[in-house]
>>> print(open('my_file.pdb').read())   # PDB, C-alpha atoms and all ligand atoms
ATOM      1  CA  MET W 201      73.785  98.357 131.243  1.00  0.00           C
ATOM      2  CA  GLY W 202      76.208 100.838 129.700  1.00  0.00           C
ATOM      3  CA  GLU W 203      79.831 101.229 130.657  1.00  0.00           C
ATOM      4  CA  THR W 204      80.331 103.454 133.750  1.00  0.00           C
ATOM      5  CA  LYS W 205      82.133 106.621 132.757  1.00  0.00           C
ATOM      6  CA  LEU W 206      85.043 107.587 134.969  1.00  0.00           C
ATOM      7  CA  LYS W 207      85.301 111.214 136.006  1.00  0.00           C
ATOM      8  CA  ILE W 208      88.808 112.174 134.926  1.00  0.00           C
ATOM      9  CA  ALA W 209      90.454 115.583 135.326  1.00  0.00           C
ATOM     10  CA  VAL W 210      93.829 116.876 134.192  1.00  0.00           C
ATOM     11  CA  CYS W 211      95.847 119.308 136.292  1.00  0.00           C
ATOM     12  CA  PRO W 212      98.572 120.771 134.061  1.00  0.00           C
ATOM     13  CA  GLY W 213     101.377 123.055 135.162  1.00  0.00           C
ATOM     14  CA  SER W 214     105.082 123.739 135.074  1.00  0.00           C
ATOM     15  CA  PHE W 215     105.630 122.452 138.634  1.00  0.00           C
ATOM     16  CA  ASP W 216     109.201 123.751 138.590  1.00  0.00           C
ATOM     17  CA  PRO W 217     109.285 122.645 141.363  1.00  0.00           C
ATOM     18  CA  VAL W 218     106.084 121.336 142.919  1.00  0.00           C
ATOM     19  CA  THR W 219     105.110 123.321 146.046  1.00  0.00           C
ATOM     20  CA  ASN W 220     102.818 122.705 148.999  1.00  0.00           C
ATOM     21  CA  GLY W 221     100.351 125.046 147.280  1.00  0.00           C
ATOM     22  CA  HIS W 222     100.192 122.627 144.343  1.00  0.00           C
ATOM     23  CA  VAL W 223      99.903 119.556 146.575  1.00  0.00           C
ATOM     24  CA  ASP W 224      97.012 121.201 148.433  1.00  0.00           C
ATOM     25  CA  ILE W 225      95.198 121.667 145.107  1.00  0.00           C
ATOM     26  CA  PHE W 226      95.885 118.019 144.125  1.00  0.00           C
ATOM     27  CA  GLU W 227      94.549 116.745 147.458  1.00  0.00           C
ATOM     28  CA  ARG W 228      91.354 118.742 147.172  1.00  0.00           C
ATOM     29  CA  ALA W 229      90.786 118.070 143.454  1.00  0.00           C
ATOM     30  CA  SER W 230      91.429 114.342 143.802  1.00  0.00           C
ATOM     31  CA  LYS W 231      88.383 114.087 146.092  1.00  0.00           C
ATOM     32  CA  MET W 232      86.132 115.335 143.296  1.00  0.00           C
ATOM     33  CA  PHE W 233      87.225 112.913 140.562  1.00  0.00           C
ATOM     34  CA  ASP W 234      87.822 109.225 140.038  1.00  0.00           C
ATOM     35  CA  LEU W 235      91.213 109.996 138.564  1.00  0.00           C
ATOM     36  CA  LEU W 236      93.341 113.138 138.635  1.00  0.00           C
ATOM     37  CA  ILE W 237      96.136 113.274 136.093  1.00  0.00           C
ATOM     38  CA  VAL W 238      98.827 115.739 137.140  1.00  0.00           C
ATOM     39  CA  THR W 239     100.773 116.646 134.041  1.00  0.00           C
ATOM     40  CA  VAL W 240     104.031 118.496 133.654  1.00  0.00           C
ATOM     41  CA  PHE W 241     103.204 120.639 130.708  1.00  0.00           C
ATOM     42  CA  HIS W 242     105.984 121.984 128.523  1.00  0.00           C
ATOM     43  CA  ASN W 243     105.748 125.773 128.547  1.00  0.00           C
ATOM     44  CA  PRO W 244     107.970 127.188 125.769  1.00  0.00           C
ATOM     45  CA  ASN W 245     107.917 130.611 127.469  1.00  0.00           C
ATOM     46  CA  LYS W 246     109.672 129.395 130.614  1.00  0.00           C
ATOM     47  CA  THR W 247     113.253 128.229 131.179  1.00  0.00           C
ATOM     48  CA  PRO W 248     112.915 125.560 133.848  1.00  0.00           C
ATOM     49  CA  LEU W 249     115.338 124.753 136.656  1.00  0.00           C
ATOM     50  CA  PHE W 250     114.412 121.062 136.466  1.00  0.00           C
ATOM     51  CA  ASP W 251     113.884 119.093 133.260  1.00  0.00           C
ATOM     52  CA  MET W 252     110.537 117.431 132.612  1.00  0.00           C
ATOM     53  CA  GLN W 253     111.560 113.994 133.866  1.00  0.00           C
ATOM     54  CA  GLU W 254     112.936 115.451 137.100  1.00  0.00           C
ATOM     55  CA  ARG W 255     109.697 117.347 137.669  1.00  0.00           C
ATOM     56  CA  VAL W 256     107.702 114.177 137.037  1.00  0.00           C
ATOM     57  CA  GLU W 257     109.849 112.287 139.578  1.00  0.00           C
ATOM     58  CA  MET W 258     109.415 115.021 142.197  1.00  0.00           C
ATOM     59  CA  LEU W 259     105.654 115.002 141.646  1.00  0.00           C
ATOM     60  CA  LYS W 260     105.562 111.231 142.071  1.00  0.00           C
ATOM     61  CA  MET W 261     107.554 111.475 145.310  1.00  0.00           C
ATOM     62  CA  THR W 262     105.213 114.078 146.744  1.00  0.00           C
ATOM     63  CA  THR W 263     101.833 112.688 145.702  1.00  0.00           C
ATOM     64  CA  ASN W 264     102.216 109.013 146.550  1.00  0.00           C
ATOM     65  CA  HIS W 265      99.828 109.468 149.499  1.00  0.00           C
ATOM     66  CA  ILE W 266      96.981 110.194 147.050  1.00  0.00           C
ATOM     67  CA  ASP W 267      95.544 106.960 145.629  1.00  0.00           C
ATOM     68  CA  ASN W 268      93.778 108.278 142.542  1.00  0.00           C
ATOM     69  CA  ILE W 269      96.571 110.400 141.085  1.00  0.00           C
ATOM     70  CA  ARG W 270      98.632 109.650 138.020  1.00  0.00           C
ATOM     71  CA  VAL W 271     101.671 111.761 137.102  1.00  0.00           C
ATOM     72  CA  ASP W 272     102.526 112.338 133.477  1.00  0.00           C
ATOM     73  CA  CYS W 273     104.092 114.912 131.154  1.00  0.00           C
ATOM     74  CA  CYS W 274     103.155 116.367 127.804  1.00  0.00           C
ATOM     75  CA  SER W 275     103.886 119.015 125.234  1.00  0.00           C
ATOM     76  CA  GLY W 276     101.872 120.332 122.331  1.00  0.00           C
ATOM     77  CA  LEU W 277      98.226 121.282 122.436  1.00  0.00           C
ATOM     78  CA  LEU W 278      96.801 120.810 125.933  1.00  0.00           C
ATOM     79  CA  SER W 279      93.279 120.161 124.642  1.00  0.00           C
ATOM     80  CA  ASP W 280      94.524 117.262 122.468  1.00  0.00           C
ATOM     81  CA  TYR W 281      96.252 115.757 125.481  1.00  0.00           C
ATOM     82  CA  VAL W 282      93.150 116.124 127.677  1.00  0.00           C
ATOM     83  CA  LEU W 283      90.906 114.397 125.121  1.00  0.00           C
ATOM     84  CA  LYS W 284      93.441 111.603 124.679  1.00  0.00           C
ATOM     85  CA  GLN W 285      93.204 110.940 128.426  1.00  0.00           C
ATOM     86  CA  ARG W 286      89.390 110.691 128.083  1.00  0.00           C
ATOM     87  CA  ALA W 287      89.080 113.680 130.392  1.00  0.00           C
ATOM     88  CA  ASN W 288      86.981 116.799 129.931  1.00  0.00           C
ATOM     89  CA  ILE W 289      88.003 118.920 132.912  1.00  0.00           C
ATOM     90  CA  ILE W 290      91.161 120.967 133.416  1.00  0.00           C
ATOM     91  CA  ILE W 291      91.974 121.951 136.990  1.00  0.00           C
ATOM     92  CA  ARG W 292      93.849 125.151 137.696  1.00  0.00           C
ATOM     93  CA  GLY W 293      94.639 126.815 141.013  1.00  0.00           C
ATOM     94  CA  LEU W 294      93.960 130.472 141.711  1.00  0.00           C
ATOM     95  CA  ARG W 295      95.953 132.494 144.210  1.00  0.00           C
ATOM     96  CA  ALA W 296      95.155 136.128 143.718  1.00  0.00           C
ATOM     97  CA  LEU W 297      93.633 138.598 141.342  1.00  0.00           C
ATOM     98  CA  VAL W 298      96.860 138.651 139.327  1.00  0.00           C
ATOM     99  CA  ASP W 299      96.376 134.971 138.444  1.00  0.00           C
ATOM    100  CA  PHE W 300      92.830 135.623 137.351  1.00  0.00           C
ATOM    101  CA  GLU W 301      93.389 137.557 134.143  1.00  0.00           C
ATOM    102  CA  TYR W 302      95.905 135.072 132.762  1.00  0.00           C
ATOM    103  CA  GLU W 303      93.830 132.057 133.783  1.00  0.00           C
ATOM    104  CA  PHE W 304      90.608 133.604 132.472  1.00  0.00           C
ATOM    105  CA  GLN W 305      92.087 134.206 129.002  1.00  0.00           C
ATOM    106  CA  ARG W 306      93.667 130.781 128.950  1.00  0.00           C
ATOM    107  CA  ALA W 307      90.414 129.048 129.906  1.00  0.00           C
ATOM    108  CA  LEU W 308      88.469 130.909 127.224  1.00  0.00           C
ATOM    109  CA  LEU W 309      91.083 130.094 124.614  1.00  0.00           C
ATOM    110  CA  ILE W 310      90.997 126.402 125.487  1.00  0.00           C
ATOM    111  CA  ARG W 311      87.186 126.423 125.322  1.00  0.00           C
ATOM    112  CA  LYS W 312      87.318 128.080 121.904  1.00  0.00           C
ATOM    113  CA  VAL W 313      89.729 125.408 120.654  1.00  0.00           C
ATOM    114  CA  GLU W 314      87.798 122.546 122.271  1.00  0.00           C
ATOM    115  CA  PRO W 315      84.287 123.435 123.545  1.00  0.00           C
ATOM    116  CA  THR W 316      83.817 120.091 125.320  1.00  0.00           C
ATOM    117  CA  ILE W 317      86.570 120.866 127.817  1.00  0.00           C
ATOM    118  CA  GLU W 318      85.776 122.938 130.910  1.00  0.00           C
ATOM    119  CA  THR W 319      88.357 124.597 133.136  1.00  0.00           C
ATOM    120  CA  LEU W 320      87.647 124.368 136.845  1.00  0.00           C
ATOM    121  CA  PHE W 321      89.365 126.718 139.278  1.00  0.00           C
ATOM    122  CA  ILE W 322      90.217 125.825 142.838  1.00  0.00           C
ATOM    123  CA  MET W 323      90.949 128.666 145.212  1.00  0.00           C
ATOM    124  CA  THR W 324      94.216 128.451 147.105  1.00  0.00           C
ATOM    125  CA  SER W 325      94.221 127.759 150.827  1.00  0.00           C
ATOM    126  CA  ASN W 326      95.054 130.781 152.950  1.00  0.00           C
ATOM    127  CA  GLU W 327      98.419 129.466 154.075  1.00  0.00           C
ATOM    128  CA  TYR W 328      99.643 128.949 150.502  1.00  0.00           C
ATOM    129  CA  SER W 329      98.254 132.054 148.836  1.00  0.00           C
ATOM    130  CA  PHE W 330     101.731 133.601 148.587  1.00  0.00           C
ATOM    131  CA  VAL W 331     103.547 130.413 147.533  1.00  0.00           C
ATOM    132  CA  SER W 332     104.872 130.144 143.984  1.00  0.00           C
ATOM    133  CA  SER W 333     107.588 128.027 142.377  1.00  0.00           C
ATOM    134  CA  SER W 334     109.450 131.156 141.303  1.00  0.00           C
ATOM    135  CA  GLY W 335     109.287 132.685 144.803  1.00  0.00           C
ATOM    136  CA  ILE W 336     110.624 129.475 146.306  1.00  0.00           C
ATOM    137  CA  LYS W 337     113.548 129.370 143.887  1.00  0.00           C
ATOM    138  CA  GLU W 338     114.362 132.972 144.737  1.00  0.00           C
ATOM    139  CA  VAL W 339     114.293 132.397 148.497  1.00  0.00           C
ATOM    140  CA  ALA W 340     116.297 129.156 148.285  1.00  0.00           C
ATOM    141  CA  LYS W 341     118.853 130.696 145.937  1.00  0.00           C
ATOM    142  CA  PHE W 342     119.777 133.269 148.556  1.00  0.00           C
ATOM    143  CA  GLY W 343     119.903 130.748 151.386  1.00  0.00           C
ATOM    144  CA  GLY W 344     116.464 131.486 152.890  1.00  0.00           C
ATOM    145  CA  SER W 345     114.353 128.759 154.460  1.00  0.00           C
ATOM    146  CA  ILE W 346     111.756 127.063 152.279  1.00  0.00           C
ATOM    147  CA  ARG W 347     110.568 124.756 155.069  1.00  0.00           C
ATOM    148  CA  GLY W 348     106.819 124.303 155.003  1.00  0.00           C
ATOM    149  CA  LEU W 349     106.523 125.757 151.504  1.00  0.00           C
ATOM    150  CA  VAL W 350     107.570 122.666 149.572  1.00  0.00           C
ATOM    151  CA  PRO W 351     107.170 118.980 150.434  1.00  0.00           C
ATOM    152  CA  GLU W 352     109.947 117.927 152.817  1.00  0.00           C
ATOM    153  CA  SER W 353     111.150 115.146 150.525  1.00  0.00           C
ATOM    154  CA  ILE W 354     112.237 117.606 147.830  1.00  0.00           C
ATOM    155  CA  GLU W 355     113.577 120.439 149.988  1.00  0.00           C
ATOM    156  CA  ASN W 356     117.189 119.326 149.660  1.00  0.00           C
ATOM    157  CA  ILE W 357     116.870 118.511 145.978  1.00  0.00           C
ATOM    158  CA  ILE W 358     115.903 122.141 145.319  1.00  0.00           C
ATOM    159  CA  LYS W 359     118.697 123.550 147.481  1.00  0.00           C
ATOM    160  CA  GLU W 360     121.281 121.269 145.892  1.00  0.00           C
ATOM    161  CA  ARG W 361     120.217 122.159 142.362  1.00  0.00           C
ATOM    162  CA  LEU W 362     120.397 125.878 143.074  1.00  0.00           C
ATOM    163  CA  ASN W 363     123.801 125.510 144.711  1.00  0.00           C
ATOM    164  CA  ALA W 364     125.053 123.394 141.836  1.00  0.00           C
ATOM    165  CA  ASP W 365     123.941 126.150 139.486  1.00  0.00           C
ATOM    166  CA  LYS W 366     125.766 128.704 141.601  1.00  0.00           C
ATOM    167  CA  ASN W 367     128.933 126.582 141.558  1.00  0.00           C
ATOM    168  CA  THR W 368     128.733 126.105 137.799  1.00  0.00           C
ATOM    169  CA  PHE W 369     128.385 129.859 137.432  1.00  0.00           C
ATOM    170  CA  LYS W 370     131.330 130.453 139.773  1.00  0.00           C
ATOM    171  CA  ARG W 371     133.439 127.946 137.844  1.00  0.00           C
ATOM    172  CA  ARG W 372     132.484 129.612 134.589  1.00  0.00           C
ATOM    173  CA  ILE W 373     133.579 133.069 135.745  1.00  0.00           C
ATOM    174  CA  CYS W 374     136.581 131.926 137.836  1.00  0.00           C
ATOM    175  CA  LEU W 375     138.187 129.287 135.612  1.00  0.00           C
ATOM    176  CA  PRO W 376     139.805 131.582 133.032  1.00  0.00           C
ATOM    177  CA  VAL W 377     141.446 133.564 135.847  1.00  0.00           C
ATOM    178  CA  ALA W 378     142.589 130.403 137.611  1.00  0.00           C
ATOM    179  CA  THR W 379     144.028 129.049 134.339  1.00  0.00           C
ATOM    180  CA  ALA W 380     145.893 132.264 133.716  1.00  0.00           C
ATOM    181  CA  LEU W 381     147.627 132.133 137.093  1.00  0.00           C
TER     182      LEU W 381
HETATM  183  P1  LIG W 401     102.021 127.315 134.982  1.00  0.00           P
HETATM  184  O1  LIG W 401     103.338 127.632 134.360  1.00  0.00           O
HETATM  185  O2  LIG W 401     101.153 126.467 134.104  1.00  0.00           O
HETATM  186  O3  LIG W 401     101.283 128.492 135.549  1.00  0.00           O
HETATM  187  P2  LIG W 401     102.621 126.518 137.729  1.00  0.00           P
HETATM  188  O4  LIG W 401     103.374 125.319 138.168  1.00  0.00           O
HETATM  189  O5  LIG W 401     103.200 127.842 138.053  1.00  0.00           O
HETATM  190  O6  LIG W 401     102.377 126.316 136.181  1.00  0.00           O
HETATM  191  O7  LIG W 401     101.157 126.453 138.332  1.00  0.00           O
HETATM  192  C1  LIG W 401     100.286 125.397 138.033  1.00  0.00           C
HETATM  193  C2  LIG W 401      98.899 125.724 138.575  1.00  0.00           C
HETATM  194  O8  LIG W 401      98.948 125.766 140.000  1.00  0.00           O
HETATM  195  C3  LIG W 401      98.380 127.090 138.138  1.00  0.00           C
HETATM  196  O9  LIG W 401      96.983 126.988 137.961  1.00  0.00           O
HETATM  197  C4  LIG W 401      98.687 127.981 139.317  1.00  0.00           C
HETATM  198  O10 LIG W 401      97.799 129.084 139.393  1.00  0.00           O
HETATM  199  C5  LIG W 401      98.452 127.000 140.451  1.00  0.00           C
HETATM  200  N1  LIG W 401      99.178 127.363 141.661  1.00  0.00           N
HETATM  201  C6  LIG W 401     100.487 127.653 141.797  1.00  0.00           C
HETATM  202  N2  LIG W 401     100.789 127.925 143.080  1.00  0.00           N
HETATM  203  C7  LIG W 401      99.621 127.810 143.775  1.00  0.00           C
HETATM  204  C8  LIG W 401      99.260 128.004 145.149  1.00  0.00           C
HETATM  205  N3  LIG W 401     100.144 128.367 146.057  1.00  0.00           N
HETATM  206  N4  LIG W 401      97.962 127.812 145.500  1.00  0.00           N
HETATM  207  C9  LIG W 401      97.049 127.464 144.545  1.00  0.00           C
HETATM  208  N5  LIG W 401      97.323 127.277 143.254  1.00  0.00           N
HETATM  209  C10 LIG W 401      98.593 127.451 142.867  1.00  0.00           C
END
>>> encode(input="my_file.pdb", output="C-alpha cells")
Amino acid sequence: MGETKLKIAVCPGSFDPVTNGHVDIFERASKMFDLLIVTVFHNPNKTPLFDMQERVEMLKMTTNHIDNIRVDCCSGLLSDYVLKQRANIIIRGLRALVDFEYEFQRALLIRKVEPTIETLFIMTSNEYSFVSSSGIKEVAKFGGSIRGLVPESIENIIKERLNADKNTFKRRICLPVATAL
C-alpha cells in the first residue's frame, strides 16, 4: 500500500494583528484539511505595527484551541513556500466585493507561477464581514472598543502597542521643547 497523502493547506496573511475574522476562517478551514499552516507572510508593501515574530506569537496564542494548526512565517515567493510544505492549496478569506478583485488577480498570478497550486476562498461570516486589521488599529488608536473583534488574549497587547507608539511620538515632538526649557 502506498503512503497516505496528508491534505495540507497554507493560509498566508499579514495578520497585523490577527482578528476574530481570521480566527473564524482558520476554524472553518481546519475542518477541511489534515493540517492547516497559518503563515505570517512578509508583505513588502505594508509597514506593520507588529514584527513577524510578534505576529507569530499572537497567532499561536489565539489558535491553540485548534489541534491541526501550525503557525509559521515566511518571505519570498509564496508558491515556493507552499510547495516546500508539501501543500497545494492556499486559503484566503473574502469579505466583500472590494476584496475580490485583488484576491482574483493574486490567485491567477500564483496559478500562472505554479499551476499545481489552487487558491480556495472562504466567505467571511456575517458578524466579521466588516472586521479588518487596519480598521481595528484605527479604532484602538483613538480609544474605541475592540472587544469582540479580536481574540481577548491579545486585546491589551494591541492597545499597549498603540499607546506606546503614541508616547514615543509625543516624546519625539515634546523632548526638544522640554530640553530647551
Ligand atoms: P494580507 O495582507 O495578505 O491581505 P490580511 O491579514 O489582511 O493579510 O488578511 C489575510 C486573509 O484574511 C486575506 O485573505 C483576507 O481577505 C482575509 N480576511 C481578513 N479579514 C477577514 C474577515 N474579517 N473575514 C474573512 N476573511 C478575512
>>> residues_near_ligand(input="my_file.pdb", ligand="ligand LIG 401 (chain W)", cutoff="6 Å", atoms="all atoms listed in the file", output="list in words")
Gly213, Ser214, Phe215, Gly221, His222, Arg292, Gly293, Leu294, Arg295, Thr324, Tyr328, Ser329, Val331 and Ser332 of chain W
>>> atom_distance(input="my_file.pdb", atom1="atom CA of W:Ile357", atom2="atom CA of W:Ile291")
26.7 Å
>>> closest_residue(input="my_file.pdb", among="W:Gly344, W:Leu320, W:Lys207, W:Glu227", to="W:His265", atoms="all atoms listed in the file")
W:Glu227
>>> atom_distance(input="my_file.pdb", atom1="atom CA of W:Thr316", atom2="atom CA of W:Val240")
21.9 Å
>>> closest_residue(input="my_file.pdb", among="W:Ile322, W:Val282, W:Val271, W:Val350", to="W:Ala209", atoms="all atoms listed in the file")
W:Val282
>>> atom_distance(input="my_file.pdb", atom1="atom CA of W:Thr239", atom2="atom CA of W:Phe321")
16.1 Å
>>> resolve_selection(input="my_file.pdb", expression="the PyMOL selection byres (((chain W and resi 314) around 10) and not hetatm)", output="list in words")
Leu278, Ser279, Asp280, Val282, Leu283, Asn288, Leu308, Leu309, Ile310, Arg311, Lys312, Val313, Pro315, Thr316, Ile317 and Glu318 of chain W
>>> write_last_selection(input="my_file.pdb", atoms="C-alpha atoms", output="mmCIF file, in the frame of the given file")
data_model
loop_
_atom_site.group_PDB
_atom_site.id
_atom_site.type_symbol
_atom_site.label_atom_id
_atom_site.label_comp_id
_atom_site.auth_asym_id
_atom_site.auth_seq_id
_atom_site.Cartn_x
_atom_site.Cartn_y
_atom_site.Cartn_z
ATOM 1 C CA LEU W 278 96.801 120.810 125.933
ATOM 2 C CA SER W 279 93.279 120.161 124.642
ATOM 3 C CA ASP W 280 94.524 117.262 122.468
ATOM 4 C CA VAL W 282 93.150 116.124 127.677
ATOM 5 C CA LEU W 283 90.906 114.397 125.121
ATOM 6 C CA ASN W 288 86.981 116.799 129.931
ATOM 7 C CA LEU W 308 88.469 130.909 127.224
ATOM 8 C CA LEU W 309 91.083 130.094 124.614
ATOM 9 C CA ILE W 310 90.997 126.402 125.487
ATOM 10 C CA ARG W 311 87.186 126.423 125.322
ATOM 11 C CA LYS W 312 87.318 128.080 121.904
ATOM 12 C CA VAL W 313 89.729 125.408 120.654
ATOM 13 C CA PRO W 315 84.287 123.435 123.545
ATOM 14 C CA THR W 316 83.817 120.091 125.320
ATOM 15 C CA ILE W 317 86.570 120.866 127.817
ATOM 16 C CA GLU W 318 85.776 122.938 130.910
#
>>> closest_residue(input="my_file.pdb", among="W:Ile266, W:Val210, W:Leu235, W:Ile358", to="W:Lys337", atoms="all atoms listed in the file")
W:Ile358
>>> residues_around(input="my_file.pdb", residues="W:Ala340", least_positions_apart="6", cutoff="9 Å", atoms="only C-alpha atoms", output="mmCIF file with C-alpha atoms, keeping the file's coordinate frame")
data_model
loop_
_atom_site.group_PDB
_atom_site.id
_atom_site.type_symbol
_atom_site.label_atom_id
_atom_site.label_comp_id
_atom_site.auth_asym_id
_atom_site.auth_seq_id
_atom_site.Cartn_x
_atom_site.Cartn_y
_atom_site.Cartn_z
ATOM 1 C CA ILE W 346 111.756 127.063 152.279
ATOM 2 C CA ILE W 358 115.903 122.141 145.319
ATOM 3 C CA LYS W 359 118.697 123.550 147.481
ATOM 4 C CA LEU W 362 120.397 125.878 143.074
#
>>> residues_around(input="my_file.pdb", residues="W:Phe330", least_positions_apart="3", cutoff="12 Å", atoms="all atoms listed in the file", output="number ranges by chain")
W: 219-222, 294-299, 324-327, 333-336, 349
>>> write_last_selection(input="my_file.pdb", atoms="C-alpha atoms", output="CSV table (one decimal), in the frame of the given file")
chain,number,residue,atom,x,y,z
W,219,THR,CA,105.1,123.3,146.0
W,220,ASN,CA,102.8,122.7,149.0
W,221,GLY,CA,100.4,125.0,147.3
W,222,HIS,CA,100.2,122.6,144.3
W,294,LEU,CA,94.0,130.5,141.7
W,295,ARG,CA,96.0,132.5,144.2
W,296,ALA,CA,95.2,136.1,143.7
W,297,LEU,CA,93.6,138.6,141.3
W,298,VAL,CA,96.9,138.7,139.3
W,299,ASP,CA,96.4,135.0,138.4
W,324,THR,CA,94.2,128.5,147.1
W,325,SER,CA,94.2,127.8,150.8
W,326,ASN,CA,95.1,130.8,153.0
W,327,GLU,CA,98.4,129.5,154.1
W,333,SER,CA,107.6,128.0,142.4
W,334,SER,CA,109.4,131.2,141.3
W,335,GLY,CA,109.3,132.7,144.8
W,336,ILE,CA,110.6,129.5,146.3
W,349,LEU,CA,106.5,125.8,151.5
>>> residues_around(input="my_file.pdb", residues="W:Ser353", least_positions_apart="4", cutoff="9 Å", atoms="all atoms listed in the file", output="list in words")
Met258, Met261, Thr262 and Ile357 of chain W
>>> residues_around(input="my_file.pdb", residues="W:Arg255", least_positions_apart="3", cutoff="8 Å", atoms="only C-alpha atoms", output="PyMOL selection string")
chain W and resi 215-218+240+250-252+258-259
>>> closest_residue(input="my_file.pdb", among="W:Ile289, W:Leu249, W:Cys273, W:Glu257", to="W:Met232", atoms="all atoms listed in the file")
W:Ile289
>>> closest_residue(input="my_file.pdb", among="W:Val256, W:Ile269, W:Val223, W:Ala229", to="W:Glu352", atoms="only C-alpha atoms")
W:Val223
>>> closest_residue(input="my_file.pdb", among="W:Ile208, W:Phe300, W:Tyr281, W:Arg286", to="W:His242", atoms="all atoms listed in the file")
W:Tyr281
